[in-house]
Amino acid sequence: MEQGETVGDLDRSVGYVVKQVQASLHAAMDGVLRPLDLSVAQYACLELLGQRPGLSNSELARRAFVTRQSMNLVLRRLQERGLLTRPDQAAYGRALPTELTSAGQAKLREGSVAVRAVERRLFSPLSPAQQRRLRDDLAACAAARFSE
């Protein structure tokens, strides 16, 4: 097997470095969200609903990168805390559109400010132009998804 066929040196692997950055970002987000009594998944749910009110459980799960079952637990806990509302019955189909309450919007604001500070710290070695380029390059890779 030739070197070009294997991952090779992990320090030169783009995928490995992306995973390191993702792990660092997740750990830092967890650190700033925990005092706000939010998990990363709960914050992601609030952020998504803040930008797109009415998303269903399935849509939220897909966009937050968790299973539908996990998202259902996230939604239930946030609803119990009064941070969001879901109708008891779907107006049509099975989807229960979810919206933030005013308390949920306030908690989202706190979380969003904390997460933005984490992003600024993590990406501070890069100039604004480099950050835009990195974001655009990673978005292009994400758009080129493949299935196994």
# chains A, B, ... in the order shown; residues from 1 in each chain; ligands from 1
$ residues_around --residues "A:Ser112" --least-positions-apart "3" --cutoff "10 Å" --atoms "only C-alpha atoms" --output "number ranges by chain"
A: 33, 43-44, 46-47, 106-109, 115-118
$ select_by_dssp --residues "stretch 43-108 of chain A" --states "strand (DSSP E or B)" --output "count of residues only"
4
$ residues_around --residues "stretch 100-103 of chain A" --least-positions-apart "5" --cutoff "10 Å" --atoms "only C-alpha atoms" --output "list in words"
Cys45, Leu46, Glu47, Leu49, Gly50, Pro53, Gly54, Leu78, Gln79, Arg81, Gly82, Leu83, Leu84, Thr85, Arg86, Leu108 and Arg109 of chain A
$ write_last_selection --atoms "N, CA and C atoms" --output "compact mmCIF listing (two decimals), in the first residue's frame"
# COMPACT_ATOMS: atom_id res chain seq x y z
N CYS A 45 -30.07 23.87 19.70
CA CYS A 45 -31.51 23.88 19.49
C CYS A 45 -32.07 25.29 19.63
N LEU A 46 -31.67 25.99 20.69
CA LEU A 46 -32.14 27.37 20.88
C LEU A 46 -31.70 28.27 19.73
N GLU A 47 -30.46 28.13 19.32
CA GLU A 47 -29.93 28.97 18.23
C GLU A 47 -30.70 28.71 16.94
N LEU A 49 -33.77 27.52 16.62
CA LEU A 49 -35.14 28.04 16.75
C LEU A 49 -35.17 29.56 16.76
N GLY A 50 -34.12 30.18 17.26
CA GLY A 50 -34.04 31.63 17.23
C GLY A 50 -33.96 32.16 15.81
N PRO A 53 -37.85 29.88 13.66
CA PRO A 53 -38.94 29.40 14.52
C PRO A 53 -39.84 28.42 13.77
N GLY A 54 -40.33 27.43 14.52
CA GLY A 54 -41.27 26.49 13.94
C GLY A 54 -40.66 25.23 13.39
N LEU A 78 -35.99 21.47 27.55
CA LEU A 78 -36.12 22.91 27.36
C LEU A 78 -37.56 23.37 27.58
N GLN A 79 -38.50 22.55 27.17
CA GLN A 79 -39.91 22.89 27.37
C GLN A 79 -40.25 22.88 28.86
N ARG A 81 -38.38 23.63 31.23
CA ARG A 81 -37.77 24.82 31.82
C ARG A 81 -38.43 26.11 31.34
N GLY A 82 -39.42 25.99 30.47
CA GLY A 82 -40.14 27.16 29.99
C GLY A 82 -39.41 27.95 28.93
N LEU A 83 -38.45 27.31 28.25
CA LEU A 83 -37.65 28.02 27.25
C LEU A 83 -38.22 27.90 25.84
N LEU A 84 -39.15 26.98 25.65
CA LEU A 84 -39.79 26.84 24.35
C LEU A 84 -41.19 26.27 24.52
N THR A 85 -41.96 26.40 23.45
CA THR A 85 -43.31 25.85 23.43
C THR A 85 -43.47 24.94 22.22
N ARG A 86 -44.26 23.90 22.42
CA ARG A 86 -44.64 22.99 21.34
C ARG A 86 -46.12 22.69 21.53
N LEU A 108 -31.07 32.19 25.00
CA LEU A 108 -30.35 32.12 23.73
C LEU A 108 -29.36 33.26 23.62
N ARG A 109 -29.78 34.45 23.97
CA ARG A 109 -28.88 35.62 23.89
C ARG A 109 -27.64 35.39 24.76
$ atom_distance --atom1 "atom CA of A:Val74" --atom2 "atom CA of A:Leu48"
12.9 Å
$ select_by_dssp --residues "stretch 5-146 of chain A" --states "helix (DSSP H, G or I)" --output "PDB file with C-alpha atoms, in the first residue's frame"
ATOM      1  CA  GLU A   5      -3.521   5.419  -0.122  1.00  0.00           C
ATOM      2  CA  LEU A  10      -1.817  12.515  11.468  1.00  0.00           C
ATOM      3  CA  ASP A  11      -0.150  15.919  11.823  1.00  0.00           C
ATOM      4  CA  ARG A  12      -0.549  16.286   8.047  1.00  0.00           C
ATOM      5  CA  VAL A  14      -6.678  17.658   7.224  1.00  0.00           C
ATOM      6  CA  GLY A  15      -9.436  15.469   8.651  1.00  0.00           C
ATOM      7  CA  TYR A  16      -7.539  14.885  11.880  1.00  0.00           C
ATOM      8  CA  VAL A  17      -6.857  18.583  12.375  1.00  0.00           C
ATOM      9  CA  VAL A  18     -10.530  19.426  11.626  1.00  0.00           C
ATOM     10  CA  LYS A  19     -11.521  16.876  14.290  1.00  0.00           C
ATOM     11  CA  GLN A  20      -9.078  18.455  16.770  1.00  0.00           C
ATOM     12  CA  VAL A  21     -10.595  21.888  16.136  1.00  0.00           C
ATOM     13  CA  GLN A  22     -14.119  20.466  16.476  1.00  0.00           C
ATOM     14  CA  ALA A  23     -13.204  18.798  19.786  1.00  0.00           C
ATOM     15  CA  SER A  24     -11.615  22.009  21.095  1.00  0.00           C
ATOM     16  CA  LEU A  25     -14.625  24.063  20.057  1.00  0.00           C
ATOM     17  CA  HIS A  26     -17.069  21.604  21.640  1.00  0.00           C
ATOM     18  CA  ALA A  27     -15.114  21.483  24.912  1.00  0.00           C
ATOM     19  CA  ALA A  28     -14.853  25.280  25.097  1.00  0.00           C
ATOM     20  CA  MET A  29     -18.556  25.689  24.287  1.00  0.00           C
ATOM     21  CA  ASP A  30     -19.418  23.158  26.968  1.00  0.00           C
ATOM     22  CA  GLY A  31     -17.319  25.143  29.430  1.00  0.00           C
ATOM     23  CA  VAL A  32     -19.110  28.442  28.803  1.00  0.00           C
ATOM     24  CA  LEU A  33     -22.592  26.953  28.433  1.00  0.00           C
ATOM     25  CA  ARG A  34     -22.555  24.794  31.573  1.00  0.00           C
ATOM     26  CA  PRO A  35     -22.805  27.818  33.935  1.00  0.00           C
ATOM     27  CA  LEU A  36     -25.862  28.882  31.898  1.00  0.00           C
ATOM     28  CA  VAL A  40     -24.152  22.185  23.568  1.00  0.00           C
ATOM     29  CA  ALA A  41     -27.137  20.366  22.030  1.00  0.00           C
ATOM     30  CA  GLN A  42     -29.599  22.535  23.973  1.00  0.00           C
ATOM     31  CA  TYR A  43     -27.791  25.685  22.878  1.00  0.00           C
ATOM     32  CA  ALA A  44     -27.777  24.489  19.250  1.00  0.00           C
ATOM     33  CA  CYS A  45     -31.512  23.881  19.490  1.00  0.00           C
ATOM     34  CA  LEU A  46     -32.138  27.368  20.883  1.00  0.00           C
ATOM     35  CA  GLU A  47     -29.931  28.969  18.227  1.00  0.00           C
ATOM     36  CA  LEU A  48     -31.687  27.106  15.427  1.00  0.00           C
ATOM     37  CA  LEU A  49     -35.139  28.037  16.754  1.00  0.00           C
ATOM     38  CA  GLY A  50     -34.040  31.630  17.231  1.00  0.00           C
ATOM     39  CA  GLN A  51     -33.154  31.819  13.563  1.00  0.00           C
ATOM     40  CA  ASN A  57     -38.025  17.770  15.857  1.00  0.00           C
ATOM     41  CA  SER A  58     -36.631  16.034  12.757  1.00  0.00           C
ATOM     42  CA  GLU A  59     -35.383  19.287  11.229  1.00  0.00           C
ATOM     43  CA  LEU A  60     -33.806  20.358  14.514  1.00  0.00           C
ATOM     44  CA  ALA A  61     -32.106  16.986  14.949  1.00  0.00           C
ATOM     45  CA  ARG A  62     -30.679  17.053  11.435  1.00  0.00           C
ATOM     46  CA  ARG A  63     -29.379  20.617  11.763  1.00  0.00           C
ATOM     47  CA  ALA A  64     -27.973  20.071  15.278  1.00  0.00           C
ATOM     48  CA  ARG A  68     -34.316  12.479  16.555  1.00  0.00           C
ATOM     49  CA  GLN A  69     -34.532  10.615  19.856  1.00  0.00           C
ATOM     50  CA  SER A  70     -31.819  12.798  21.407  1.00  0.00           C
ATOM     51  CA  MET A  71     -33.477  15.944  20.084  1.00  0.00           C
ATOM     52  CA  ASN A  72     -36.784  14.851  21.557  1.00  0.00           C
ATOM     53  CA  LEU A  73     -35.123  14.718  25.002  1.00  0.00           C
ATOM     54  CA  VAL A  74     -33.479  18.104  24.432  1.00  0.00           C
ATOM     55  CA  LEU A  75     -36.826  19.631  23.460  1.00  0.00           C
ATOM     56  CA  ARG A  76     -38.619  18.077  26.412  1.00  0.00           C
ATOM     57  CA  ARG A  77     -36.055  19.434  28.896  1.00  0.00           C
ATOM     58  CA  LEU A  78     -36.118  22.909  27.357  1.00  0.00           C
ATOM     59  CA  GLN A  79     -39.911  22.887  27.368  1.00  0.00           C
ATOM     60  CA  GLU A  80     -39.985  21.822  31.047  1.00  0.00           C
ATOM     61  CA  SER A 102     -39.300  35.092  25.919  1.00  0.00           C
ATOM     62  CA  ALA A 103     -37.270  33.229  28.566  1.00  0.00           C
ATOM     63  CA  GLY A 104     -35.861  31.038  25.777  1.00  0.00           C
ATOM     64  CA  GLN A 105     -34.908  34.100  23.749  1.00  0.00           C
ATOM     65  CA  ALA A 106     -33.117  35.566  26.787  1.00  0.00           C
ATOM     66  CA  LYS A 107     -31.258  32.285  27.421  1.00  0.00           C
ATOM     67  CA  LEU A 108     -30.350  32.121  23.727  1.00  0.00           C
ATOM     68  CA  ARG A 109     -28.884  35.618  23.889  1.00  0.00           C
ATOM     69  CA  GLU A 110     -26.702  34.647  26.878  1.00  0.00           C
ATOM     70  CA  GLY A 111     -25.560  31.462  25.176  1.00  0.00           C
ATOM     71  CA  SER A 112     -24.920  33.115  21.846  1.00  0.00           C
ATOM     72  CA  VAL A 113     -22.735  35.816  23.408  1.00  0.00           C
ATOM     73  CA  ALA A 114     -20.745  33.156  25.287  1.00  0.00           C
ATOM     74  CA  VAL A 115     -20.300  30.959  22.204  1.00  0.00           C
ATOM     75  CA  ARG A 116     -19.262  33.915  20.045  1.00  0.00           C
ATOM     76  CA  ALA A 117     -16.548  34.736  22.592  1.00  0.00           C
ATOM     77  CA  VAL A 118     -15.304  31.136  22.311  1.00  0.00           C
ATOM     78  CA  GLU A 119     -15.215  31.393  18.526  1.00  0.00           C
ATOM     79  CA  ARG A 120     -13.298  34.660  18.679  1.00  0.00           C
ATOM     80  CA  ARG A 121     -10.703  33.130  21.025  1.00  0.00           C
ATOM     81  CA  LEU A 122     -10.358  29.910  19.030  1.00  0.00           C
ATOM     82  CA  PRO A 128     -10.696  38.261   9.521  1.00  0.00           C
ATOM     83  CA  ALA A 129      -9.908  37.517   5.869  1.00  0.00           C
ATOM     84  CA  GLN A 130      -8.342  34.162   6.779  1.00  0.00           C
ATOM     85  CA  GLN A 131     -11.370  33.338   8.930  1.00  0.00           C
ATOM     86  CA  ARG A 132     -13.727  34.087   6.026  1.00  0.00           C
ATOM     87  CA  ARG A 133     -11.596  31.946   3.717  1.00  0.00           C
ATOM     88  CA  LEU A 134     -11.520  29.067   6.203  1.00  0.00           C
ATOM     89  CA  ARG A 135     -15.280  29.276   6.651  1.00  0.00           C
ATOM     90  CA  ASP A 136     -15.846  29.334   2.886  1.00  0.00           C
ATOM     91  CA  ASP A 137     -13.439  26.431   2.298  1.00  0.00           C
ATOM     92  CA  LEU A 138     -15.012  24.308   5.047  1.00  0.00           C
ATOM     93  CA  ALA A 139     -18.513  25.140   3.774  1.00  0.00           C
ATOM     94  CA  ALA A 140     -17.461  23.943   0.320  1.00  0.00           C
ATOM     95  CA  CYS A 141     -16.238  20.672   1.836  1.00  0.00           C
ATOM     96  CA  ALA A 142     -19.479  20.288   3.811  1.00  0.00           C
ATOM     97  CA  ALA A 143     -21.492  20.865   0.637  1.00  0.00           C
TER      98      ALA A 143
END
$ atom_distance --atom1 "atom CA of A:Arg52" --atom2 "atom CA of A:Ala144"
24.0 Å
$ decode --residues "chain A" --atoms "C-alpha atoms" --output "PDB file, in the first residue's frame"
ATOM      1  CA  MET A   1       0.000   0.000   0.000  1.00  0.00           C
ATOM      2  CA  GLU A   2       1.455   3.352  -1.010  1.00  0.00           C
ATOM      3  CA  GLN A   3       1.571   6.416   1.271  1.00  0.00           C
ATOM      4  CA  GLY A   4      -1.022   8.197  -0.911  1.00  0.00           C
ATOM      5  CA  GLU A   5      -3.521   5.419  -0.122  1.00  0.00           C
ATOM      6  CA  THR A   6      -3.330   5.794   3.659  1.00  0.00           C
ATOM      7  CA  VAL A   7      -3.990   8.630   6.074  1.00  0.00           C
ATOM      8  CA  GLY A   8      -0.301   8.719   6.914  1.00  0.00           C
ATOM      9  CA  ASP A   9       1.125  11.208   9.410  1.00  0.00           C
ATOM     10  CA  LEU A  10      -1.817  12.515  11.468  1.00  0.00           C
ATOM     11  CA  ASP A  11      -0.150  15.919  11.823  1.00  0.00           C
ATOM     12  CA  ARG A  12      -0.549  16.286   8.047  1.00  0.00           C
ATOM     13  CA  SER A  13      -4.105  14.927   7.890  1.00  0.00           C
ATOM     14  CA  VAL A  14      -6.678  17.658   7.224  1.00  0.00           C
ATOM     15  CA  GLY A  15      -9.436  15.469   8.651  1.00  0.00           C
ATOM     16  CA  TYR A  16      -7.539  14.885  11.880  1.00  0.00           C
ATOM     17  CA  VAL A  17      -6.857  18.583  12.375  1.00  0.00           C
ATOM     18  CA  VAL A  18     -10.530  19.426  11.626  1.00  0.00           C
ATOM     19  CA  LYS A  19     -11.521  16.876  14.290  1.00  0.00           C
ATOM     20  CA  GLN A  20      -9.078  18.455  16.770  1.00  0.00           C
ATOM     21  CA  VAL A  21     -10.595  21.888  16.136  1.00  0.00           C
ATOM     22  CA  GLN A  22     -14.119  20.466  16.476  1.00  0.00           C
ATOM     23  CA  ALA A  23     -13.204  18.798  19.786  1.00  0.00           C
ATOM     24  CA  SER A  24     -11.615  22.009  21.095  1.00  0.00           C
ATOM     25  CA  LEU A  25     -14.625  24.063  20.057  1.00  0.00           C
ATOM     26  CA  HIS A  26     -17.069  21.604  21.640  1.00  0.00           C
ATOM     27  CA  ALA A  27     -15.114  21.483  24.912  1.00  0.00           C
ATOM     28  CA  ALA A  28     -14.853  25.280  25.097  1.00  0.00           C
ATOM     29  CA  MET A  29     -18.556  25.689  24.287  1.00  0.00           C
ATOM     30  CA  ASP A  30     -19.418  23.158  26.968  1.00  0.00           C
ATOM     31  CA  GLY A  31     -17.319  25.143  29.430  1.00  0.00           C
ATOM     32  CA  VAL A  32     -19.110  28.442  28.803  1.00  0.00           C
ATOM     33  CA  LEU A  33     -22.592  26.953  28.433  1.00  0.00           C
ATOM     34  CA  ARG A  34     -22.555  24.794  31.573  1.00  0.00           C
ATOM     35  CA  PRO A  35     -22.805  27.818  33.935  1.00  0.00           C
ATOM     36  CA  LEU A  36     -25.862  28.882  31.898  1.00  0.00           C
ATOM     37  CA  ASP A  37     -27.372  25.433  32.562  1.00  0.00           C
ATOM     38  CA  LEU A  38     -27.216  24.551  28.865  1.00  0.00           C
ATOM     39  CA  SER A  39     -25.651  21.651  27.011  1.00  0.00           C
ATOM     40  CA  VAL A  40     -24.152  22.185  23.568  1.00  0.00           C
ATOM     41  CA  ALA A  41     -27.137  20.366  22.030  1.00  0.00           C
ATOM     42  CA  GLN A  42     -29.599  22.535  23.973  1.00  0.00           C
ATOM     43  CA  TYR A  43     -27.791  25.685  22.878  1.00  0.00           C
ATOM     44  CA  ALA A  44     -27.777  24.489  19.250  1.00  0.00           C
ATOM     45  CA  CYS A  45     -31.512  23.881  19.490  1.00  0.00           C
ATOM     46  CA  LEU A  46     -32.138  27.368  20.883  1.00  0.00           C
ATOM     47  CA  GLU A  47     -29.931  28.969  18.227  1.00  0.00           C
ATOM     48  CA  LEU A  48     -31.687  27.106  15.427  1.00  0.00           C
ATOM     49  CA  LEU A  49     -35.139  28.037  16.754  1.00  0.00           C
ATOM     50  CA  GLY A  50     -34.040  31.630  17.231  1.00  0.00           C
ATOM     51  CA  GLN A  51     -33.154  31.819  13.563  1.00  0.00           C
ATOM     52  CA  ARG A  52     -35.897  29.552  12.215  1.00  0.00           C
ATOM     53  CA  PRO A  53     -38.939  29.401  14.523  1.00  0.00           C
ATOM     54  CA  GLY A  54     -41.271  26.495  13.936  1.00  0.00           C
ATOM     55  CA  LEU A  55     -38.724  23.834  12.991  1.00  0.00           C
ATOM     56  CA  SER A  56     -39.852  20.285  13.677  1.00  0.00           C
ATOM     57  CA  ASN A  57     -38.025  17.770  15.857  1.00  0.00           C
ATOM     58  CA  SER A  58     -36.631  16.034  12.757  1.00  0.00           C
ATOM     59  CA  GLU A  59     -35.383  19.287  11.229  1.00  0.00           C
ATOM     60  CA  LEU A  60     -33.806  20.358  14.514  1.00  0.00           C
ATOM     61  CA  ALA A  61     -32.106  16.986  14.949  1.00  0.00           C
ATOM     62  CA  ARG A  62     -30.679  17.053  11.435  1.00  0.00           C
ATOM     63  CA  ARG A  63     -29.379  20.617  11.763  1.00  0.00           C
ATOM     64  CA  ALA A  64     -27.973  20.071  15.278  1.00  0.00           C
ATOM     65  CA  PHE A  65     -26.256  16.801  14.271  1.00  0.00           C
ATOM     66  CA  VAL A  66     -28.064  14.618  16.813  1.00  0.00           C
ATOM     67  CA  THR A  67     -30.576  11.788  16.510  1.00  0.00           C
ATOM     68  CA  ARG A  68     -34.316  12.479  16.555  1.00  0.00           C
ATOM     69  CA  GLN A  69     -34.532  10.615  19.856  1.00  0.00           C
ATOM     70  CA  SER A  70     -31.819  12.798  21.407  1.00  0.00           C
ATOM     71  CA  MET A  71     -33.477  15.944  20.084  1.00  0.00           C
ATOM     72  CA  ASN A  72     -36.784  14.851  21.557  1.00  0.00           C
ATOM     73  CA  LEU A  73     -35.123  14.718  25.002  1.00  0.00           C
ATOM     74  CA  VAL A  74     -33.479  18.104  24.432  1.00  0.00           C
ATOM     75  CA  LEU A  75     -36.826  19.631  23.460  1.00  0.00           C
ATOM     76  CA  ARG A  76     -38.619  18.077  26.412  1.00  0.00           C
ATOM     77  CA  ARG A  77     -36.055  19.434  28.896  1.00  0.00           C
ATOM     78  CA  LEU A  78     -36.118  22.909  27.357  1.00  0.00           C
ATOM     79  CA  GLN A  79     -39.911  22.887  27.368  1.00  0.00           C
ATOM     80  CA  GLU A  80     -39.985  21.822  31.047  1.00  0.00           C
ATOM     81  CA  ARG A  81     -37.769  24.818  31.823  1.00  0.00           C
ATOM     82  CA  GLY A  82     -40.144  27.161  29.994  1.00  0.00           C
ATOM     83  CA  LEU A  83     -37.648  28.016  27.248  1.00  0.00           C
ATOM     84  CA  LEU A  84     -39.792  26.837  24.347  1.00  0.00           C
ATOM     85  CA  THR A  85     -43.314  25.847  23.434  1.00  0.00           C
ATOM     86  CA  ARG A  86     -44.642  22.995  21.342  1.00  0.00           C
ATOM     87  CA  PRO A  87     -48.289  22.316  20.611  1.00  0.00           C
ATOM     88  CA  ASP A  88     -49.803  19.186  22.148  1.00  0.00           C
ATOM     89  CA  GLN A  89     -51.048  18.116  18.730  1.00  0.00           C
ATOM     90  CA  ALA A  90     -49.800  18.804  15.236  1.00  0.00           C
ATOM     91  CA  ALA A  91     -51.933  21.110  13.103  1.00  0.00           C
ATOM     92  CA  TYR A  92     -51.302  18.680  10.250  1.00  0.00           C
ATOM     93  CA  GLY A  93     -49.104  15.612   9.857  1.00  0.00           C
ATOM     94  CA  ARG A  94     -46.983  14.615  12.850  1.00  0.00           C
ATOM     95  CA  ALA A  95     -44.590  17.550  13.135  1.00  0.00           C
ATOM     96  CA  LEU A  96     -44.892  19.701  16.251  1.00  0.00           C
ATOM     97  CA  PRO A  97     -43.525  23.134  15.330  1.00  0.00           C
ATOM     98  CA  THR A  98     -41.440  24.571  18.160  1.00  0.00           C
ATOM     99  CA  GLU A  99     -40.906  28.195  19.166  1.00  0.00           C
ATOM    100  CA  LEU A 100     -38.874  29.982  21.811  1.00  0.00           C
ATOM    101  CA  THR A 101     -40.559  31.700  24.722  1.00  0.00           C
ATOM    102  CA  SER A 102     -39.300  35.092  25.919  1.00  0.00           C
ATOM    103  CA  ALA A 103     -37.270  33.229  28.566  1.00  0.00           C
ATOM    104  CA  GLY A 104     -35.861  31.038  25.777  1.00  0.00           C
ATOM    105  CA  GLN A 105     -34.908  34.100  23.749  1.00  0.00           C
ATOM    106  CA  ALA A 106     -33.117  35.566  26.787  1.00  0.00           C
ATOM    107  CA  LYS A 107     -31.258  32.285  27.421  1.00  0.00           C
ATOM    108  CA  LEU A 108     -30.350  32.121  23.727  1.00  0.00           C
ATOM    109  CA  ARG A 109     -28.884  35.618  23.889  1.00  0.00           C
ATOM    110  CA  GLU A 110     -26.702  34.647  26.878  1.00  0.00           C
ATOM    111  CA  GLY A 111     -25.560  31.462  25.176  1.00  0.00           C
ATOM    112  CA  SER A 112     -24.920  33.115  21.846  1.00  0.00           C
ATOM    113  CA  VAL A 113     -22.735  35.816  23.408  1.00  0.00           C
ATOM    114  CA  ALA A 114     -20.745  33.156  25.287  1.00  0.00           C
ATOM    115  CA  VAL A 115     -20.300  30.959  22.204  1.00  0.00           C
ATOM    116  CA  ARG A 116     -19.262  33.915  20.045  1.00  0.00           C
ATOM    117  CA  ALA A 117     -16.548  34.736  22.592  1.00  0.00           C
ATOM    118  CA  VAL A 118     -15.304  31.136  22.311  1.00  0.00           C
ATOM    119  CA  GLU A 119     -15.215  31.393  18.526  1.00  0.00           C
ATOM    120  CA  ARG A 120     -13.298  34.660  18.679  1.00  0.00           C
ATOM    121  CA  ARG A 121     -10.703  33.130  21.025  1.00  0.00           C
ATOM    122  CA  LEU A 122     -10.358  29.910  19.030  1.00  0.00           C
ATOM    123  CA  PHE A 123      -9.934  31.644  15.678  1.00  0.00           C
ATOM    124  CA  SER A 124      -7.925  34.634  16.950  1.00  0.00           C
ATOM    125  CA  PRO A 125      -4.684  33.422  15.321  1.00  0.00           C
ATOM    126  CA  LEU A 126      -6.355  34.047  11.942  1.00  0.00           C
ATOM    127  CA  SER A 127      -7.066  37.432  10.385  1.00  0.00           C
ATOM    128  CA  PRO A 128     -10.696  38.261   9.521  1.00  0.00           C
ATOM    129  CA  ALA A 129      -9.908  37.517   5.869  1.00  0.00           C
ATOM    130  CA  GLN A 130      -8.342  34.162   6.779  1.00  0.00           C
ATOM    131  CA  GLN A 131     -11.370  33.338   8.930  1.00  0.00           C
ATOM    132  CA  ARG A 132     -13.727  34.087   6.026  1.00  0.00           C
ATOM    133  CA  ARG A 133     -11.596  31.946   3.717  1.00  0.00           C
ATOM    134  CA  LEU A 134     -11.520  29.067   6.203  1.00  0.00           C
ATOM    135  CA  ARG A 135     -15.280  29.276   6.651  1.00  0.00           C
ATOM    136  CA  ASP A 136     -15.846  29.334   2.886  1.00  0.00           C
ATOM    137  CA  ASP A 137     -13.439  26.431   2.298  1.00  0.00           C
ATOM    138  CA  LEU A 138     -15.012  24.308   5.047  1.00  0.00           C
ATOM    139  CA  ALA A 139     -18.513  25.140   3.774  1.00  0.00           C
ATOM    140  CA  ALA A 140     -17.461  23.943   0.320  1.00  0.00           C
ATOM    141  CA  CYS A 141     -16.238  20.672   1.836  1.00  0.00           C
ATOM    142  CA  ALA A 142     -19.479  20.288   3.811  1.00  0.00           C
ATOM    143  CA  ALA A 143     -21.492  20.865   0.637  1.00  0.00           C
ATOM    144  CA  ALA A 144     -19.579  18.051  -1.080  1.00  0.00           C
ATOM    145  CA  ARG A 145     -21.064  15.431   1.260  1.00  0.00           C
ATOM    146  CA  PHE A 146     -20.953  11.849   0.208  1.00  0.00           C
ATOM    147  CA  SER A 147     -22.697   8.700   1.289  1.00  0.00           C
ATOM    148  CA  GLU A 148     -21.096   5.361   1.938  1.00  0.00           C
TER     149      GLU A 148
END
